[in-house]
$ cat protein-v2.pdb   # PDB, C-alpha atoms
MODEL        1
ATOM      1  CA  MET X  67       0.000   0.000   0.000
ATOM      2  CA  ALA X  68       1.619   3.197  -1.060
ATOM      3  CA  THR X  69       0.070   6.602  -1.117
ATOM      4  CA  SER X  70       2.215   9.706  -1.186
ATOM      5  CA  ILE X  71      -0.133  11.572   1.156
ATOM      6  CA  ASP X  72       1.790  12.245   4.365
ATOM      7  CA  TYR X  73      -0.154  11.735   7.579
ATOM      8  CA  ASP X  74       1.843  14.484   9.307
ATOM      9  CA  GLU X  75       0.749  17.078   6.765
ATOM     10  CA  ILE X  76      -2.963  16.349   7.076
ATOM     11  CA  GLU X  77      -5.169  18.210   9.534
ATOM     12  CA  VAL X  78      -8.685  17.495  10.721
ATOM     13  CA  GLY X  79     -10.957  19.505   8.448
ATOM     14  CA  SER X  80      -8.640  19.259   5.432
ATOM     15  CA  GLU X  81     -10.797  19.059   2.320
ATOM     16  CA  LEU X  82     -10.278  16.566  -0.472
ATOM     17  CA  PRO X  83     -10.800  17.725  -4.071
ATOM     18  CA  ALA X  84     -14.565  17.562  -4.708
ATOM     19  CA  GLN X  85     -15.970  15.821  -7.785
ATOM     20  CA  SER X  86     -19.292  15.691  -9.625
ATOM     21  CA  PHE X  87     -20.527  12.551 -11.322
ATOM     22  CA  PRO X  88     -23.171  12.694 -14.058
ATOM     23  CA  ILE X  89     -25.323   9.546 -14.134
ATOM     24  CA  ASP X  90     -27.517   8.743 -17.112
ATOM     25  CA  ARG X  91     -29.496   5.655 -18.079
ATOM     26  CA  ALA X  92     -26.647   4.318 -20.192
ATOM     27  CA  ALA X  93     -24.351   4.437 -17.157
ATOM     28  CA  LEU X  94     -26.886   2.426 -15.142
ATOM     29  CA  VAL X  95     -27.220  -0.207 -17.844
ATOM     30  CA  ARG X  96     -23.446  -0.495 -18.047
ATOM     31  CA  TYR X  97     -23.155  -0.778 -14.272
ATOM     32  CA  ALA X  98     -25.913  -3.411 -14.215
ATOM     33  CA  GLY X  99     -23.939  -5.485 -16.706
ATOM     34  CA  ALA X 100     -20.621  -5.081 -14.941
ATOM     35  CA  SER X 101     -22.001  -5.750 -11.457
ATOM     36  CA  GLY X 102     -24.581  -8.391 -12.286
ATOM     37  CA  ASP X 103     -27.341  -6.421 -10.515
ATOM     38  CA  PHE X 104     -30.177  -6.452 -13.056
ATOM     39  CA  ASN X 105     -32.951  -5.301 -10.723
ATOM     40  CA  PRO X 106     -35.384  -3.589 -13.150
ATOM     41  CA  ILE X 107     -35.826  -0.561 -10.840
ATOM     42  CA  HIS X 108     -32.439   0.512 -12.245
ATOM     43  CA  TRP X 109     -33.429   0.478 -15.925
ATOM     44  CA  ASN X 110     -37.180  -0.042 -16.390
ATOM     45  CA  GLU X 111     -39.259   3.063 -15.747
ATOM     46  CA  ARG X 112     -42.583   1.226 -15.909
ATOM     47  CA  PHE X 113     -41.425  -1.291 -13.309
ATOM     48  CA  ALA X 114     -39.951   1.434 -11.072
ATOM     49  CA  ARG X 115     -43.268   3.307 -11.020
ATOM     50  CA  GLU X 116     -45.200   0.100 -10.347
ATOM     51  CA  VAL X 117     -43.226  -0.407  -7.135
ATOM     52  CA  GLY X 118     -43.830   3.171  -6.024
ATOM     53  CA  LEU X 119     -40.645   4.921  -7.123
ATOM     54  CA  PRO X 120     -40.794   8.292  -8.904
ATOM     55  CA  ASP X 121     -38.668   6.975 -11.789
ATOM     56  CA  VAL X 122     -35.669   4.732 -12.446
ATOM     57  CA  ILE X 123     -33.127   5.031  -9.618
ATOM     58  CA  ALA X 124     -29.389   4.436  -9.583
ATOM     59  CA  HIS X 125     -27.935   1.376  -7.877
ATOM     60  CA  GLY X 126     -26.912   2.420  -4.371
ATOM     61  CA  MET X 127     -23.660   0.576  -4.975
ATOM     62  CA  PHE X 128     -23.052   2.694  -8.070
ATOM     63  CA  THR X 129     -23.335   5.871  -5.999
ATOM     64  CA  MET X 130     -21.087   4.298  -3.350
ATOM     65  CA  ALA X 131     -18.519   3.485  -6.052
ATOM     66  CA  GLU X 132     -18.585   7.029  -7.444
ATOM     67  CA  ALA X 133     -18.203   8.591  -3.992
ATOM     68  CA  ALA X 134     -15.176   6.359  -3.350
ATOM     69  CA  ARG X 135     -13.389   7.949  -6.283
ATOM     70  CA  VAL X 136     -13.035  11.207  -4.369
ATOM     71  CA  VAL X 137     -11.012   9.265  -1.807
ATOM     72  CA  THR X 138      -9.070   6.964  -4.142
ATOM     73  CA  ASP X 139      -8.169   9.751  -6.608
ATOM     74  CA  TRP X 140      -6.819  11.758  -3.672
ATOM     75  CA  LEU X 141      -4.824   8.792  -2.355
ATOM     76  CA  GLY X 142      -3.370   7.703  -5.688
ATOM     77  CA  ASP X 143      -3.379   4.129  -4.371
ATOM     78  CA  PRO X 144      -6.937   2.752  -4.067
ATOM     79  CA  GLY X 145      -5.469  -0.065  -1.974
ATOM     80  CA  ALA X 146      -4.890   2.384   0.882
ATOM     81  CA  VAL X 147      -8.614   2.266   1.749
ATOM     82  CA  VAL X 148      -8.952   0.019   4.806
ATOM     83  CA  ASP X 149     -12.611   0.610   5.709
ATOM     84  CA  TYR X 150     -15.454   2.147   3.708
ATOM     85  CA  GLY X 151     -19.128   2.351   4.619
ATOM     86  CA  VAL X 152     -22.244   4.278   3.630
ATOM     87  CA  ARG X 153     -25.945   4.419   4.397
ATOM     88  CA  PHE X 154     -28.324   4.715   1.462
ATOM     89  CA  THR X 155     -30.596   7.486   2.706
ATOM     90  CA  ARG X 156     -32.319   8.598  -0.507
ATOM     91  CA  PRO X 157     -32.403   7.179  -4.012
ATOM     92  CA  VAL X 158     -30.676   8.961  -6.888
ATOM     93  CA  VAL X 159     -33.482   9.435  -9.398
ATOM     94  CA  VAL X 160     -32.245   9.188 -12.988
ATOM     95  CA  PRO X 161     -34.771  10.568 -15.498
ATOM     96  CA  ASP X 162     -34.585   9.689 -19.191
ATOM     97  CA  ASP X 163     -34.374  13.345 -20.235
ATOM     98  CA  GLY X 164     -31.058  13.432 -22.053
ATOM     99  CA  THR X 165     -29.294  14.701 -18.931
ATOM    100  CA  GLY X 166     -29.950  12.276 -16.105
ATOM    101  CA  ALA X 167     -28.771  12.987 -12.564
ATOM    102  CA  LEU X 168     -25.736  14.628 -11.056
ATOM    103  CA  VAL X 169     -24.141  13.374  -7.841
ATOM    104  CA  GLU X 170     -21.853  15.903  -6.173
ATOM    105  CA  VAL X 171     -19.383  14.512  -3.669
ATOM    106  CA  THR X 172     -17.374  16.474  -1.139
ATOM    107  CA  ALA X 173     -15.096  15.044   1.525
ATOM    108  CA  LYS X 174     -12.980  16.176   4.413
ATOM    109  CA  VAL X 175     -10.775  14.627   7.033
ATOM    110  CA  GLY X 176     -12.967  13.953  10.048
ATOM    111  CA  ALA X 177     -10.404  12.472  12.421
ATOM    112  CA  LYS X 178      -6.774  11.459  12.694
ATOM    113  CA  LEU X 179      -6.430   7.896  13.954
ATOM    114  CA  ASP X 180      -3.630   5.714  15.266
ATOM    115  CA  GLY X 181      -1.275   3.940  12.886
ATOM    116  CA  ARG X 182      -1.042   6.921  10.477
ATOM    117  CA  ARG X 183      -4.630   6.470   9.393
ATOM    118  CA  VAL X 184      -7.318   9.113   8.938
ATOM    119  CA  ARG X 185     -11.080   8.978   8.691
ATOM    120  CA  VAL X 186     -12.549  10.767   5.695
ATOM    121  CA  ASP X 187     -16.161  11.938   5.948
ATOM    122  CA  LEU X 188     -18.026  12.116   2.640
ATOM    123  CA  THR X 189     -21.122  14.005   1.583
ATOM    124  CA  ALA X 190     -23.004  13.024  -1.577
ATOM    125  CA  VAL X 191     -25.806  15.236  -2.860
ATOM    126  CA  SER X 192     -28.149  14.833  -5.823
ATOM    127  CA  GLY X 193     -30.837  17.387  -6.605
ATOM    128  CA  ASP X 194     -30.141  19.269  -3.347
ATOM    129  CA  GLN X 195     -30.723  16.145  -1.263
ATOM    130  CA  LYS X 196     -28.218  14.039   0.577
ATOM    131  CA  VAL X 197     -28.204  10.567  -0.933
ATOM    132  CA  LEU X 198     -25.656   8.949   1.381
ATOM    133  CA  GLY X 199     -25.517   9.091   5.166
ATOM    134  CA  MET X 200     -22.674   8.154   7.512
ATOM    135  CA  ALA X 201     -20.388   7.900   4.488
ATOM    136  CA  ARG X 202     -16.928   7.301   5.887
ATOM    137  CA  ALA X 203     -13.653   5.855   4.723
ATOM    138  CA  VAL X 204     -10.628   5.003   6.824
ATOM    139  CA  VAL X 205      -7.413   5.272   4.834
ATOM    140  CA  GLN X 206      -3.793   4.357   5.460
ATOM    141  CA  LEU X 207      -1.499   7.316   4.828
ATOM    142  CA  ALA X 208       2.263   7.415   4.471
TER     143      ALA X 208
ATOM    144  CA  MET S  93     -44.905 -11.718  10.140
ATOM    145  CA  PRO S  94     -41.647 -10.331  11.553
ATOM    146  CA  LEU S  95     -38.513 -12.348  10.873
ATOM    147  CA  ASP S  96     -37.577 -14.922  13.483
ATOM    148  CA  PRO S  97     -34.728 -13.548  15.653
ATOM    149  CA  SER S  98     -33.521 -17.098  16.336
ATOM    150  CA  PHE S  99     -31.833 -16.869  12.916
ATOM    151  CA  ILE S 100     -29.284 -14.443  14.369
ATOM    152  CA  GLY S 101     -25.907 -16.128  14.214
ATOM    153  CA  ARG S 102     -26.877 -18.552  11.457
ATOM    154  CA  SER S 103     -23.974 -19.186   9.064
ATOM    155  CA  TYR S 104     -24.108 -20.611   5.576
ATOM    156  CA  PRO S 105     -21.522 -22.858   3.900
ATOM    157  CA  PRO S 106     -18.630 -21.086   2.129
ATOM    158  CA  THR S 107     -19.454 -20.275  -1.492
ATOM    159  CA  PRO S 108     -17.569 -21.921  -4.370
ATOM    160  CA  ALA S 109     -14.482 -19.889  -5.276
ATOM    161  CA  TYR S 110     -14.945 -16.866  -7.539
ATOM    162  CA  GLU S 111     -11.877 -16.258  -9.671
ATOM    163  CA  VAL S 112     -11.159 -12.551 -10.089
ATOM    164  CA  GLY S 113     -10.164 -11.801 -13.680
ATOM    165  CA  ARG S 114      -8.232  -8.803 -14.996
ATOM    166  CA  GLU S 115     -10.839  -8.078 -17.631
ATOM    167  CA  LYS S 116     -13.668  -8.219 -15.087
ATOM    168  CA  ILE S 117     -11.853  -5.648 -12.966
ATOM    169  CA  ARG S 118     -11.330  -3.455 -16.028
ATOM    170  CA  GLU S 119     -14.992  -3.802 -17.036
ATOM    171  CA  PHE S 120     -16.117  -2.826 -13.538
ATOM    172  CA  ALA S 121     -13.724   0.146 -13.373
ATOM    173  CA  ASP S 122     -14.960   1.295 -16.784
ATOM    174  CA  ALA S 123     -18.571   0.998 -15.625
ATOM    175  CA  VAL S 124     -17.935   3.296 -12.665
ATOM    176  CA  GLY S 125     -15.896   5.637 -14.874
ATOM    177  CA  ASP S 126     -12.705   5.168 -12.885
ATOM    178  CA  ALA S 127      -9.569   5.549 -14.994
ATOM    179  CA  SER S 128      -7.039   4.627 -12.283
ATOM    180  CA  PRO S 129      -4.130   2.634 -13.768
ATOM    181  CA  ALA S 130      -4.049   0.495 -10.603
ATOM    182  CA  TYR S 131      -7.122  -1.319 -12.011
ATOM    183  CA  ARG S 132      -5.672  -1.868 -15.485
ATOM    184  CA  ASP S 133      -1.911  -1.918 -15.586
ATOM    185  CA  ALA S 134      -0.025  -4.555 -13.582
ATOM    186  CA  ASP S 135       3.145  -2.446 -13.633
ATOM    187  CA  ALA S 136       1.294   0.567 -12.233
ATOM    188  CA  ALA S 137      -0.199  -1.636  -9.513
ATOM    189  CA  LYS S 138       3.237  -3.084  -8.723
ATOM    190  CA  ALA S 139       4.669   0.416  -8.407
ATOM    191  CA  LEU S 140       2.101   0.931  -5.633
ATOM    192  CA  GLY S 141       3.213  -2.258  -3.905
ATOM    193  CA  HIS S 142       0.555  -4.667  -5.181
ATOM    194  CA  PRO S 143       1.471  -7.985  -6.821
ATOM    195  CA  ASP S 144      -1.080  -7.486  -9.639
ATOM    196  CA  VAL S 145      -3.886  -5.145 -10.689
ATOM    197  CA  ILE S 146      -6.292  -4.445  -7.848
ATOM    198  CA  ALA S 147     -10.063  -3.993  -7.902
ATOM    199  CA  PRO S 148     -11.989  -0.855  -6.879
ATOM    200  CA  PRO S 149     -13.139  -0.708  -3.244
ATOM    201  CA  THR S 150     -16.747  -1.696  -3.978
ATOM    202  CA  PHE S 151     -15.868  -4.558  -6.332
ATOM    203  CA  PRO S 152     -16.193  -7.213  -3.573
ATOM    204  CA  PHE S 153     -19.935  -6.543  -3.585
ATOM    205  CA  LEU S 154     -20.208  -8.554  -6.812
ATOM    206  CA  ILE S 155     -19.203 -11.586  -4.817
ATOM    207  CA  THR S 156     -20.775 -10.856  -1.431
ATOM    208  CA  TYR S 157     -24.128  -9.921  -2.997
ATOM    209  CA  ARG S 158     -24.353 -13.274  -4.730
ATOM    210  CA  ALA S 159     -23.353 -15.021  -1.527
ATOM    211  CA  ALA S 160     -26.062 -13.180   0.408
ATOM    212  CA  ALA S 161     -28.661 -14.801  -1.847
ATOM    213  CA  GLN S 162     -28.328 -17.779   0.480
ATOM    214  CA  VAL S 163     -29.971 -15.673   3.185
ATOM    215  CA  VAL S 164     -32.425 -13.857   0.968
ATOM    216  CA  GLU S 165     -33.614 -17.115  -0.570
ATOM    217  CA  ASP S 166     -33.529 -19.190   2.621
ATOM    218  CA  PRO S 167     -37.050 -20.643   2.698
ATOM    219  CA  GLU S 168     -36.866 -21.124   6.455
ATOM    220  CA  LEU S 169     -36.166 -17.425   7.004
ATOM    221  CA  GLY S 170     -38.974 -16.407   4.657
ATOM    222  CA  LEU S 171     -37.751 -12.961   3.575
ATOM    223  CA  ASP S 172     -39.952 -11.341   0.906
ATOM    224  CA  PHE S 173     -37.319 -10.081  -1.523
ATOM    225  CA  THR S 174     -39.799  -7.916  -3.425
ATOM    226  CA  ARG S 175     -39.946  -5.679  -0.339
ATOM    227  CA  VAL S 176     -36.204  -5.531   0.325
ATOM    228  CA  VAL S 177     -34.040  -2.454  -0.110
ATOM    229  CA  HIS S 178     -30.330  -2.051   0.562
ATOM    230  CA  GLY S 179     -30.037   0.007   3.744
ATOM    231  CA  ASP S 180     -26.327   0.322   4.196
ATOM    232  CA  GLN S 181     -23.053  -1.229   3.164
ATOM    233  CA  ARG S 182     -19.598  -1.367   4.673
ATOM    234  CA  PHE S 183     -16.356  -3.071   3.710
ATOM    235  CA  VAL S 184     -13.443  -3.701   6.064
ATOM    236  CA  TYR S 185     -10.343  -4.637   4.106
ATOM    237  CA  THR S 186      -7.277  -6.626   5.070
ATOM    238  CA  ARG S 187      -6.035  -5.950   1.545
ATOM    239  CA  PRO S 188      -7.581  -4.971  -1.792
ATOM    240  CA  VAL S 189      -9.047  -7.686  -4.005
ATOM    241  CA  ARG S 190      -6.684  -8.374  -6.899
ATOM    242  CA  ALA S 191      -6.559 -10.232 -10.188
ATOM    243  CA  GLY S 192      -6.015 -13.947  -9.751
ATOM    244  CA  ASP S 193      -7.702 -14.122  -6.362
ATOM    245  CA  ARG S 194      -9.930 -17.129  -5.829
ATOM    246  CA  LEU S 195     -12.444 -15.844  -3.307
ATOM    247  CA  SER S 196     -14.942 -17.660  -1.173
ATOM    248  CA  VAL S 197     -17.553 -16.001   1.031
ATOM    249  CA  THR S 198     -18.900 -17.231   4.336
ATOM    250  CA  VAL S 199     -22.189 -15.539   5.135
ATOM    251  CA  THR S 200     -23.580 -15.047   8.632
ATOM    252  CA  ILE S 201     -26.731 -13.312   9.832
ATOM    253  CA  ASP S 202     -25.375 -10.812  12.363
ATOM    254  CA  ALA S 203     -28.591  -9.114  13.415
ATOM    255  CA  ILE S 204     -32.347  -9.094  12.914
ATOM    256  CA  LYS S 205     -34.313  -6.131  14.191
ATOM    257  CA  SER S 206     -37.852  -4.968  13.775
ATOM    258  CA  LEU S 207     -38.466  -1.237  13.504
ATOM    259  CA  ALA S 208     -41.818   0.368  12.716
ATOM    260  CA  GLY S 209     -42.976  -2.799  10.984
ATOM    261  CA  ASN S 210     -39.814  -3.070   8.897
ATOM    262  CA  ASP S 211     -37.444  -5.988   9.285
ATOM    263  CA  ILE S 212     -33.802  -4.978   9.363
ATOM    264  CA  LEU S 213     -31.309  -7.699   8.604
ATOM    265  CA  THR S 214     -27.540  -7.381   8.890
ATOM    266  CA  VAL S 215     -25.655  -9.886   6.749
ATOM    267  CA  ARG S 216     -21.909 -10.310   7.170
ATOM    268  CA  GLY S 217     -19.818 -11.822   4.398
ATOM    269  CA  GLU S 218     -16.283 -12.902   5.256
ATOM    270  CA  VAL S 219     -14.246 -13.087   2.060
ATOM    271  CA  HIS S 220     -11.221 -15.356   2.086
ATOM    272  CA  GLU S 221      -8.641 -16.254  -0.527
ATOM    273  CA  SER S 222      -8.425 -19.957  -1.403
ATOM    274  CA  GLY S 223      -5.300 -20.266   0.750
ATOM    275  CA  GLY S 224      -7.406 -19.174   3.707
ATOM    276  CA  ASP S 225      -6.173 -15.603   4.120
ATOM    277  CA  HIS S 226      -8.781 -12.973   4.921
ATOM    278  CA  VAL S 227      -9.254 -10.316   2.225
ATOM    279  CA  VAL S 228     -12.331  -8.268   3.114
ATOM    280  CA  THR S 229     -15.474  -8.410   5.206
ATOM    281  CA  SER S 230     -18.758  -7.018   3.892
ATOM    282  CA  PHE S 231     -21.528  -5.819   6.195
ATOM    283  CA  MET S 232     -24.808  -5.371   4.353
ATOM    284  CA  THR S 233     -28.024  -4.185   5.910
ATOM    285  CA  LEU S 234     -31.235  -5.167   4.167
ATOM    286  CA  VAL S 235     -34.498  -3.487   5.027
ATOM    287  CA  ALA S 236     -37.690  -5.420   4.297
ATOM    288  CA  ARG S 237     -40.447  -2.847   4.226
ATOM    289  CA  ALA S 238     -43.692  -3.731   5.918
ATOM    290  CA  ALA S 239     -46.254  -5.097   3.487
ATOM    291  CA  ALA S 240     -49.346  -2.966   2.935
ATOM    292  CA  GLY S 241     -51.984  -3.681   5.551
ATOM    293  CA  GLU S 242     -49.532  -5.125   8.061
TER     294      GLU S 242
ENDMDL
END

$ encode --input "protein-v2.pdb" --output "structure tokens"
Amino acid sequence: MATSIDYDEIEVGSELPAQSFPIDRAALVRYAGASGDFNPIHWNERFAREVGLPDVIAHGMFTMAEAARVVTDWLGDPGAVVDYGVRFTRPVVVPDDGTGALVEVTAKVGAKLDGRRVRVDLTAVSGDQKVLGMARAVVQLA
Amino acid sequence: MPLDPSFIGRSYPPTPAYEVGREKIREFADAVGDASPAYRDADAAKALGHPDVIAPPTFPFLITYRAAAQVVEDPELGLDFTRVVHGDQRFVYTRPVRAGDRLSVTVTIDAIKSLAGNDILTVRGEVHESGGDHVVTSFMTLVARAAAGE
């Protein structure tokens, strides 16, 4: 595990570079294929509405994967993530309108831990609503 | 009918080994739009200290999700999958998954709670390499929403 981020240079409250992730229907279909999760709520609007959703929604795991990129891009070595968890608080609704949804992810260092590790606290927002809760990663720094 | 709490602690047999392929890792990284060379280029991964290309942090879900079907489809437990949503997800890593791994998952029901008519089920998946070394543990919470009229 090798990241060049030096534990000694990181302070609680340090912000990681934020990123925005556009999600359209094509992205969901591709993720369904790659992950093997073919639940129709992620690609079939008629089915999604039948089960009470406003429209097709993104896989929670897709949103979790996108949010992780803010951490792994910062680290340089994705293998430096030692713990990563999220709560799926609200679905990311992905309309078939030529644009889709946008998930905006910000992150900051929430705590410095023993063993040159830090806890990163993430916030993911889509359409002005938080879509992940308790989103935290523990990472091993240099 | 709420789920039977006596299922807490129930473990299922280890799953047959899943062999992690380079192209599957690349396909997954492409699908999440992640261009990191650590997922594609063995030399880049080696420069970071890994023996081969590694998989993105959420990749293990491909394996643990399939393994959790043992719980979801356990007729004795009687979970109605049409009412289930993914509540939360956590991974605790000993090391990243990497190409060439042969991974087996041992699934255990860690908790069953009932809250406002919803059943909340915590499913732990311990992922081991074929040699026996621990790679990652997945904690998945499933929420079975109360059926209408219950």

$ interface_residues --input "protein-v2.pdb" --of "chain X" --to "chain S" --cutoff "10 Å" --atoms "only C-alpha atoms" --output "PyMOL selection string"
chain X and resi 67-70+87+89+92-103+117+125-132+134-135+138-139+142-156+198-204

$ residues_around --input "protein-v2.pdb" --residues "Ile100 (chain S)" --least-positions-apart "6" --cutoff "8 Å" --atoms "all atoms listed in the file" --output "compact mmCIF listing (two decimals) with C-alpha atoms, keeping the file's coordinate frame"
# COMPACT_ATOMS: atom_id res chain seq x y z
CA ILE S 201 -26.73 -13.31 9.83
CA ASP S 202 -25.38 -10.81 12.36
CA ALA S 203 -28.59 -9.11 13.42
CA ILE S 204 -32.35 -9.09 12.91

$ resolve_selection --input "protein-v2.pdb" --expression "the PyMOL selection byres ((chain S and resi 106) around 8)" --output "PyMOL selection string"
chain S and resi 104-105+107-108+196-199

$ closest_residue --input "protein-v2.pdb" --among "S:Glu221, S:Asp211, S:Asp144, S:Asp135" --to "Gly170 (chain S)" --atoms "only C-alpha atoms"
S:Asp211

$ residues_near_point --input "protein-v2.pdb" --point "(-9.5, -15.6, -4.2)" --cutoff "7 Å" --atoms "all atoms listed in the file" --output "list of chain:residue names"
S:Ala109, S:Tyr110, S:Glu111, S:Val112, S:Gly192, S:Asp193, S:Arg194, S:Leu195, S:Ser196, S:His220, S:Glu221, S:Ser222

$ closest_residue --input "protein-v2.pdb" --among "X:Pro88, X:Glu111, X:Val137, X:Ile71" --to "Asp187 (chain X)" --atoms "all atoms listed in the file"
X:Val137

$ axis_aligned_box --input "protein-v2.pdb" --around "region 90-104 of chain X" --padding-each-side "5 Å" --output "AutoDock Vina command-line options"
--center_x -25.4 --center_y 0.2 --center_z -15.4 --size_x 19.6 --size_y 27.1 --size_z 19.7

$ resolve_selection --input "protein-v2.pdb" --expression "the PyMOL selection byres ((chain X and resi 190) around 7)" --output "PyMOL selection string"
chain X and resi 133+169-172+188-189+191-192+196-198
